[in-house]
Structure formats: C-alpha cells, structure tokens
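Okay, upload_34.txt is below, compact mmCIF, C-alpha atoms:
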```txt
# COMPACT_ATOMS: atom_id res chain seq x y z
CA MET A 8 -12.09 -15.25 -17.42
CA LYS A 9 -8.71 -15.16 -19.14
CA LEU A 10 -10.05 -14.07 -22.52
CA PRO A 11 -10.92 -10.46 -21.61
CA SER A 12 -7.46 -9.95 -20.08
CA LEU A 13 -5.83 -11.41 -23.17
CA LEU A 14 -7.86 -9.17 -25.44
CA LEU A 15 -6.95 -6.12 -23.38
CA SER A 16 -3.27 -7.05 -23.59
CA VAL A 17 -3.48 -7.45 -27.37
CA LEU A 18 -5.26 -4.11 -27.78
CA ALA A 19 -2.69 -2.38 -25.57
CA ALA A 20 0.15 -3.88 -27.57
CA CYS A 21 -1.43 -2.78 -30.84
CA ALA A 22 -1.90 0.76 -29.51
CA SER A 23 1.72 0.93 -28.37
CA ALA A 24 2.93 -0.23 -31.76
CA ALA A 25 0.80 2.35 -33.56
CA GLU A 26 1.82 5.35 -31.43
CA PRO A 27 5.29 5.96 -32.96
CA SER A 28 3.74 6.06 -36.43
CA LEU A 29 1.03 8.44 -35.25
CA LYS A 30 3.58 10.69 -33.58
CA SER A 31 5.53 11.05 -36.83
CA THR A 32 2.40 12.21 -38.68
CA LEU A 33 1.34 14.84 -36.12
CA LEU A 34 1.27 18.43 -37.44
CA LEU A 35 -0.45 20.30 -34.62
CA HIS A 36 -1.58 19.56 -31.07
CA ALA A 37 -3.42 22.00 -28.80
CA SER A 38 -4.25 20.60 -25.35
CA PHE A 39 -4.96 24.07 -23.85
CA ASP A 40 -3.35 22.83 -20.62
CA ARG A 41 -0.52 25.39 -20.82
CA GLY A 42 -2.57 28.21 -22.30
CA PRO A 43 -4.33 28.96 -25.59
CA HIS A 44 -1.39 28.23 -27.89
CA ALA A 45 -0.54 24.85 -29.39
CA ASP A 46 1.71 22.46 -27.46
CA PHE A 47 3.26 21.39 -30.77
CA ALA A 48 3.00 22.86 -34.26
CA ALA A 49 4.70 22.35 -37.60
CA GLY A 50 3.97 26.03 -38.30
CA ASP A 51 2.95 28.94 -36.07
CA ALA A 52 1.89 27.62 -32.66
CA GLN A 53 0.01 30.75 -31.57
CA LEU A 54 -3.75 30.92 -31.30
CA TYR A 55 -5.05 34.20 -32.74
CA THR A 56 -8.19 36.27 -32.30
CA SER A 57 -9.66 38.51 -34.99
CA PRO A 58 -12.68 40.84 -34.74
CA ASP A 59 -14.64 38.79 -37.29
CA ARG A 60 -14.39 36.01 -39.87
CA LYS A 61 -12.11 38.06 -42.13
CA ARG A 62 -9.24 37.12 -39.78
CA THR A 63 -7.69 40.56 -40.00
CA PRO A 64 -6.46 42.37 -38.00
CA VAL A 65 -5.33 39.74 -35.49
CA GLN A 66 -4.00 39.55 -31.94
CA PRO A 67 -2.13 36.57 -30.45
CA GLY A 68 -4.11 34.84 -27.71
CA LEU A 69 -7.72 35.04 -26.60
CA HIS A 70 -9.35 38.47 -26.95
CA ALA A 71 -13.10 37.88 -26.94
CA GLY A 72 -13.94 39.15 -23.46
CA ASP A 73 -15.72 36.50 -21.41
CA ALA A 74 -17.26 34.88 -24.50
CA ILE A 75 -14.31 32.48 -24.94
CA GLU A 76 -12.05 31.41 -22.09
CA LEU A 77 -9.68 28.73 -20.88
CA ALA A 78 -11.54 26.48 -18.46
CA LYS A 79 -8.91 24.95 -16.18
CA GLY A 80 -9.68 21.47 -14.94
CA GLU A 81 -12.85 21.21 -17.02
CA GLY A 82 -11.40 19.59 -20.15
CA LYS A 83 -11.31 15.99 -21.22
CA PHE A 84 -7.67 15.80 -20.14
CA GLY A 85 -7.05 19.04 -18.20
CA ALA A 86 -8.04 22.49 -19.42
CA ALA A 87 -10.30 23.20 -22.40
CA LEU A 88 -11.58 26.07 -24.48
CA LEU A 89 -15.02 27.12 -23.31
CA PHE A 90 -17.26 29.07 -25.70
CA ARG A 91 -19.82 30.69 -23.41
CA ARG A 92 -21.93 32.37 -26.06
CA LYS A 93 -22.13 33.14 -29.75
CA THR A 94 -19.63 35.88 -30.60
CA LYS A 95 -18.47 37.78 -33.67
CA GLU A 96 -14.78 37.28 -32.77
CA GLN A 97 -12.96 34.46 -34.55
CA VAL A 98 -10.22 32.36 -32.92
CA PHE A 99 -7.90 30.35 -35.13
CA PHE A 100 -4.51 28.79 -35.77
CA LYS A 101 -2.72 29.76 -38.96
CA GLY A 102 -2.98 26.99 -41.52
CA GLU A 103 0.42 27.22 -43.18
CA ARG A 104 2.30 23.97 -42.40
CA ASN A 105 -0.16 23.22 -39.58
CA LEU A 106 -2.75 21.70 -41.93
CA GLY A 107 -0.30 19.88 -44.20
CA PHE A 108 -1.76 21.35 -47.39
CA GLN A 109 -0.45 19.78 -50.60
CA ALA A 110 -1.09 21.18 -54.07
CA GLU A 111 -1.19 17.60 -55.35
CA ASN A 112 -2.78 14.58 -53.68
CA TRP A 113 -3.52 16.02 -50.24
CA SER A 114 -4.74 13.82 -47.39
CA GLY A 115 -5.06 14.34 -43.66
CA SER A 116 -6.98 13.88 -40.42
CA CYS A 117 -8.23 15.98 -37.53
CA SER A 118 -9.10 14.81 -34.01
CA PHE A 119 -10.74 16.71 -31.13
CA TRP A 120 -13.23 16.42 -28.26
CA MET A 121 -16.46 18.34 -27.61
CA ARG A 122 -18.92 18.58 -24.72
CA LEU A 123 -22.33 20.20 -25.17
CA ASP A 124 -26.00 19.50 -25.74
CA PRO A 125 -26.57 20.90 -29.26
CA ASP A 126 -30.34 21.15 -28.88
CA LYS A 127 -30.20 23.00 -25.55
CA ASP A 128 -26.97 24.99 -25.77
CA LEU A 129 -26.68 26.29 -29.34
CA GLU A 130 -28.44 29.37 -30.65
CA PRO A 131 -30.45 29.21 -33.91
CA GLY A 132 -28.49 28.94 -37.15
CA TYR A 133 -25.58 26.91 -38.41
CA CYS A 134 -22.74 26.15 -36.02
CA ASP A 135 -19.24 25.14 -37.22
CA PRO A 136 -17.10 24.06 -34.24
CA LEU A 137 -14.03 23.54 -36.46
CA GLN A 138 -13.08 24.43 -40.04
CA PHE A 139 -10.15 24.14 -42.45
CA MET A 140 -10.50 27.49 -44.21
CA ALA A 141 -9.12 29.06 -47.39
CA GLN A 142 -8.56 32.76 -48.06
CA ALA A 143 -12.13 32.94 -49.39
CA TRP A 144 -15.18 30.68 -49.06
CA GLY A 145 -15.38 29.57 -52.70
CA GLU A 146 -11.75 28.41 -52.89
CA GLY A 147 -12.17 25.18 -50.93
CA ASN A 148 -12.96 24.43 -47.28
CA MET A 149 -13.87 21.54 -45.00
CA PHE A 150 -15.70 21.61 -41.69
CA VAL A 151 -17.88 19.94 -39.11
CA GLU A 152 -21.22 21.56 -38.40
CA PHE A 153 -24.48 21.31 -36.53
CA SER A 154 -27.44 21.83 -38.86
CA LYS A 155 -29.89 24.65 -38.24
CA ASP A 156 -33.34 23.25 -39.08
CA HIS A 157 -33.40 19.71 -37.69
CA ALA A 158 -34.63 18.47 -34.32
CA PRO A 159 -32.49 16.94 -33.04
CA ARG A 160 -29.73 18.82 -34.83
CA HIS A 161 -27.71 16.76 -37.27
CA PHE A 162 -23.93 16.66 -36.93
CA ARG A 163 -22.14 16.71 -40.28
CA TYR A 164 -18.68 16.61 -41.84
CA ALA A 165 -18.40 18.15 -45.28
CA ILE A 166 -15.82 19.13 -47.87
CA MET A 167 -16.74 22.09 -50.04
CA ALA A 168 -13.98 22.22 -52.63
CA ILE A 169 -13.73 25.00 -55.23
CA THR A 170 -17.38 25.86 -55.76
CA ARG A 171 -17.47 25.21 -59.52
CA LEU A 172 -16.27 21.64 -58.90
CA TRP A 173 -18.86 20.47 -56.37
CA ASN A 174 -21.75 22.89 -57.00
CA PRO A 175 -21.58 24.19 -60.60
CA THR A 176 -25.29 25.14 -60.65
CA ASN A 177 -25.05 27.08 -57.35
CA ALA A 178 -27.79 24.94 -55.79
CA LYS A 179 -28.83 25.60 -52.19
CA TRP A 180 -26.94 23.42 -49.73
CA GLU A 181 -30.00 21.96 -47.99
CA GLU A 182 -31.78 21.26 -51.28
CA MET A 183 -29.02 19.24 -52.97
CA GLU A 184 -29.80 15.56 -53.52
CA ARG A 185 -26.12 14.57 -53.40
CA ARG A 186 -23.63 16.38 -51.20
CA PRO A 187 -19.97 15.82 -50.21
CA MET A 188 -21.01 15.18 -46.64
CA VAL A 189 -21.52 12.63 -43.85
CA ALA A 190 -24.55 13.36 -41.67
CA VAL A 191 -25.32 11.85 -38.26
CA GLU A 192 -28.99 12.45 -37.52
CA LYS A 193 -28.88 11.50 -33.83
CA PRO A 194 -25.35 12.33 -32.62
CA PRO A 195 -24.29 11.31 -29.09
CA PHE A 196 -23.30 14.78 -27.79
CA ARG A 197 -24.30 15.45 -24.16
CA ARG A 198 -23.50 18.06 -21.51
CA GLU A 199 -22.37 15.40 -19.05
CA ARG A 200 -19.96 13.50 -21.31
CA TRP A 201 -17.19 14.18 -23.80
CA THR A 202 -17.55 13.03 -27.41
CA HIS A 203 -14.53 12.33 -29.59
CA VAL A 204 -14.68 13.57 -33.19
CA CYS A 205 -12.29 12.62 -35.97
CA PHE A 206 -12.50 13.23 -39.69
CA THR A 207 -10.18 11.98 -42.40
CA PHE A 208 -9.88 12.80 -46.08
CA GLY A 209 -7.88 11.76 -49.12
CA ASN A 210 -7.23 12.33 -52.83
CA ALA A 211 -7.71 16.10 -52.64
CA ASN A 212 -6.06 18.06 -55.47
CA THR A 213 -5.68 15.04 -57.76
CA GLY A 214 -7.68 16.57 -60.63
CA ALA A 215 -9.92 13.48 -60.65
CA LYS A 216 -13.27 12.58 -59.11
CA ASP A 217 -11.66 10.34 -56.54
CA GLY A 218 -11.81 12.54 -53.43
CA TRP A 219 -13.30 11.15 -50.24
CA GLY A 220 -13.98 11.96 -46.58
CA ARG A 221 -14.90 9.96 -43.46
CA LEU A 222 -16.37 10.91 -40.10
CA TYR A 223 -15.84 9.08 -36.79
CA LEU A 224 -17.51 9.61 -33.41
CA ASP A 225 -16.08 7.93 -30.29
CA GLY A 226 -13.82 5.80 -32.46
CA ALA A 227 -16.62 4.41 -34.67
CA LYS A 228 -16.98 5.26 -38.35
CA MET A 229 -20.25 7.08 -39.01
CA GLY A 230 -19.98 7.12 -42.80
CA GLU A 231 -18.06 8.35 -45.80
CA PHE A 232 -18.52 10.14 -49.12
CA THR A 233 -16.55 9.39 -52.27
CA GLY A 234 -16.28 10.28 -55.93
CA TRP A 235 -15.74 14.05 -55.70
CA GLU A 236 -13.17 16.27 -57.37
CA ASN A 237 -11.87 17.94 -54.25
CA GLY A 238 -9.75 20.74 -55.64
CA PHE A 239 -8.52 23.44 -53.23
CA ASN A 240 -7.24 26.73 -54.62
CA TRP A 241 -5.48 27.87 -51.47
CA GLN A 242 -3.20 30.76 -50.75
CA VAL A 243 -1.63 28.75 -47.96
CA ASP A 244 -0.35 31.72 -45.97
CA GLN A 245 -3.97 32.87 -45.62
CA SER A 246 -5.45 29.50 -44.67
CA ALA A 247 -6.60 28.75 -41.13
CA LEU A 248 -7.90 26.22 -38.65
CA THR A 249 -10.84 28.14 -37.21
CA LEU A 250 -12.60 27.25 -33.96
CA GLY A 251 -16.01 27.82 -32.46
CA LEU A 252 -18.06 29.57 -35.15
CA ASN A 253 -21.45 30.16 -33.46
CA TYR A 254 -20.46 27.43 -31.00
CA ILE A 255 -21.46 27.21 -27.34
CA GLY A 256 -19.73 24.47 -25.39
CA TYR A 257 -16.34 22.94 -24.62
CA LEU A 258 -13.58 22.07 -27.12
CA ASP A 259 -10.43 20.17 -26.19
CA ASP A 260 -7.30 18.31 -27.37
CA ILE A 261 -7.20 19.32 -31.03
CA ALA A 262 -4.79 17.44 -33.29
CA VAL A 263 -4.05 17.53 -37.02
CA PHE A 264 -2.25 14.70 -38.84
CA ASN A 265 -0.55 14.80 -42.25
CA ARG A 266 -2.30 11.71 -43.62
CA ALA A 267 -5.59 9.89 -43.41
CA LEU A 268 -5.69 7.70 -40.31
CA SER A 269 -6.98 4.16 -40.65
CA ASP A 270 -10.06 2.94 -38.76
CA ASP A 271 -7.81 1.21 -36.22
CA GLU A 272 -5.66 4.33 -35.76
CA VAL A 273 -8.76 6.43 -35.06
CA LYS A 274 -9.74 3.90 -32.39
CA THR A 275 -6.22 4.16 -30.95
CA VAL A 276 -6.45 7.96 -30.74
CA PHE A 277 -9.89 7.73 -29.13
CA ALA A 278 -8.54 5.32 -26.47
CA LEU A 279 -5.40 7.30 -25.49
CA LYS A 280 -5.50 7.71 -21.71
CA ARG A 281 -4.04 11.23 -21.71
CA GLY A 282 -5.15 12.17 -25.20
CA ILE A 283 -2.64 13.28 -27.83
CA ALA A 284 -0.12 13.99 -25.06
CA ASP A 285 0.46 10.23 -24.97
CA LEU A 286 1.93 10.47 -28.46
CA ARG A 287 4.44 13.09 -27.31
CA PRO A 288 5.51 12.13 -23.76
```

Have the structure of the file written as structure tokens, please.
Amino acid sequence: MKLPSLLLSVLAACASAAEPSLKSTLLLHASFDRGPHADFAAGDAQLYTSPDRKRTPVQPGLHAGDAIELAKGEGKFGAALLFRRKTKEQVFFKGERNLGFQAENWSGSCSFWMRLDPDKDLEPGYCDPLQFMAQAWGEGNMFVEFSKDHAPRHFRYAIMAITRLWNPTNAKWEEMERRPMVAVEKPPFRRERWTHVCFTFGNANTGAKDGWGRLYLDGAKMGEFTGWENGFNWQVDQSALTLGLNYIGYLDDIAVFNRALSDDEVKTVFALKRGIADLRP
C-alpha cells in the first residue's frame, strides 16, 4: 500500500524540479481564460483574424462572426476557443519571436489540447488544427492535421521544409512512400474528453539530413521521423502560428517552447493540474 504513495511523491518531486526549466523555455502561452490574446508572449501577444489564409489585412481579436468564439467554462482549464464550423477566416498569432525561429539549428516544441470527434464533427477535406507557417507554402512549414480519405481519420504531425529539399520530384503527398511525418491511424480524440497534443522537433536549418520530429498524445510518444534536411527559408516577420484551418471543435491552452522537450518533460506538461498556468503562477 505504501508503494503507490511513494511513486506519486517521486513523480510530484520530479515535476516540481522540471517546472523552472520549462518556464525558462516558454515562448508563448494562450489559455484563452482572459480573452483571445496570449497570456504570455515573447513577441506580439495579440490574436489576429484575417479574411483568408493570406493573413492580410488583419484585425486584432476574433472577427469570424459566430464561427469562432471564446467558450467560457468549456475548456480543459477554463475557457477555450470553439470552432463551430468551417470558415474562410484565419486566426493566428504572429510568429516573430513567438516561435523561436533560428536560421541555424532550430529546435522547439508545441503543446495544446483538443476536444472533438474527427469522424463526426469535421467536414470533408484536410483539417489542420495548428500550423507553424512561413510567408509562402513552399518555404517551410510544420503542422498537425487530420487526413481526408481515411476512416477513421488519421492524425498526423508533419514537417514540410523548403519543397525542393523534401519533395524534389513534386510527388503527391498521399502517394509518397517516405514522408517527414508521424501518423496515428486510430487517435484517441473524443467529444467527451480532452486530448493533449505535443510535437517536438530538432536540427532544423543545419544544412544536413539530420532533422527530426516527434509526436505525443496524452503524454505518450506516438512516433518520430528522422534523417531529413529541414531547411526553412522564412521571412520571420511574416511567419505565423495559425489555428483552426477547416477545424470544428475545441482548442485550449496553447504553448510554444524554444527547445525540444524530452519525453519526461512532455509527460510533466501533460500532467500539470492547471495546464501551462502552473509554470507561470
């Protein structure tokens, strides 16, 4: 009977020891409890809305009618963003300083929570709940997505670097034998429960084929891809953290870190009682 209590004490002590280190690596945190803007940001803390994916012109705040709203009391830890239907408007945080981009040897992590049933809630077509976006698609991006032609829908994390580096023959995405991607064929997303998502990446912009990425769901590693030249030709002032492309469901407690979190650190983030707010009391 004493062993479980001892294990819990050890895990709690490990989490407490890890939190100061995690706090120092935090670049952006959006809980949505105080409104649409980020609680903490290394760059611009405002959430913006644009009429489409071009991200221009823009307005601070949410301006998508009733398609996207703040759902008070319905989040994992308080309020959340609720995407009621597919919409042409794009909501995003500006990427400069908030994504930690480095022209040489870039690494990082992103953590967030989602609640939906992909096979009942989403409309046909690809859905990208969250993206790290460049000024143009072929200049290097990374994202999580729900696939369009699988039943159940696959959940995937992918890095599409400069197109000529990862797809020099311009092959179709779904027909490629080898892709810079982790795919989960039967993901655990449900309407009645929140699912934690975290992805990490490293060795971007090294000029070598040593780039990698990892995907975690509910604190457990789902897989990784390695051996890619992940070059990103970004105009940083035009980069963005975009949210909810073709998404229908809840999104909460988004955080970006300036380095790749370890497996244990991802578990720590997943177990935080008040989410990322616990790192910044």

Top pick for closest residue to Leu222 (chain A), considering A:Glu181, A:Asp46, A:Glu199, A:Glu152 and counting all atoms listed in the file: A:Glu152

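Within 9 Å of Asp225 (chain A), once all atoms listed in the file are used and residues closer than 2 positions along the same chain are dropped, the contacting residues are Pro195, Thr202, His203, Val204, Cys205, Tyr223, Ala227, Lys228, Val273, Lys274, Phe277 and Ala278 of chain A.
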
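Closest approach to Asp51 (chain A) from the set A:Leu248, A:Arg92, A:Met140, A:Val191 is made by A:Leu248, with distances taken over all atoms listed in the file.
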
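Atom to atom, CA of Thr94 (chain A) and CA of Leu129 (chain A) stand 12.0 Å apart.
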
With region 236-240 of chain A as the partner and 8 Å as the cut-off, tabulate the residues of region 66-163 of chain A that qualify, each row holding the nearest pair of atoms and their distance in Å to one decimal, using all atoms listed in the file, sorted by chain and rising number, as JSON lines.
```
{"residue": "A:Ala110", "atom": "CA", "partner": "A:Phe239", "partner_atom": "CA", "distance": 7.8}
{"residue": "A:Ala141", "atom": "CA", "partner": "A:Asn240", "partner_atom": "CA", "distance": 7.8}
{"residue": "A:Glu146", "atom": "CA", "partner": "A:Asn240", "partner_atom": "CA", "distance": 5.1}
{"residue": "A:Gly147", "atom": "CA", "partner": "A:Phe239", "partner_atom": "CA", "distance": 4.7}
{"residue": "A:Asn148", "atom": "CA", "partner": "A:Phe239", "partner_atom": "CA", "distance": 7.5}
```

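Nearest to Asp270 (chain A) of all the residues A:Ser116, A:Asn174, A:Asn210, A:Thr249 is A:Ser116, based on only C-alpha atoms.
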
For Leu77 (chain A), which of A:Gly220, A:Gly42, A:Gly282, A:Gly226 is the closest residue, counting only C-alpha atoms? A:Gly42

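You can rank A:Leu29, A:Ala284, A:Ile255, A:Ile166 by their closest distance to Arg91 (chain A) using all atoms listed in the file, and at the top of that list sits A:Ile255.
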
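Of the residues under consideration (A:Ala37, A:Val189, A:Ile169, A:Ala48), A:Ala48 shows the shortest atom-to-atom contact distance to Arg104 (chain A) when counting only C-alpha atoms.
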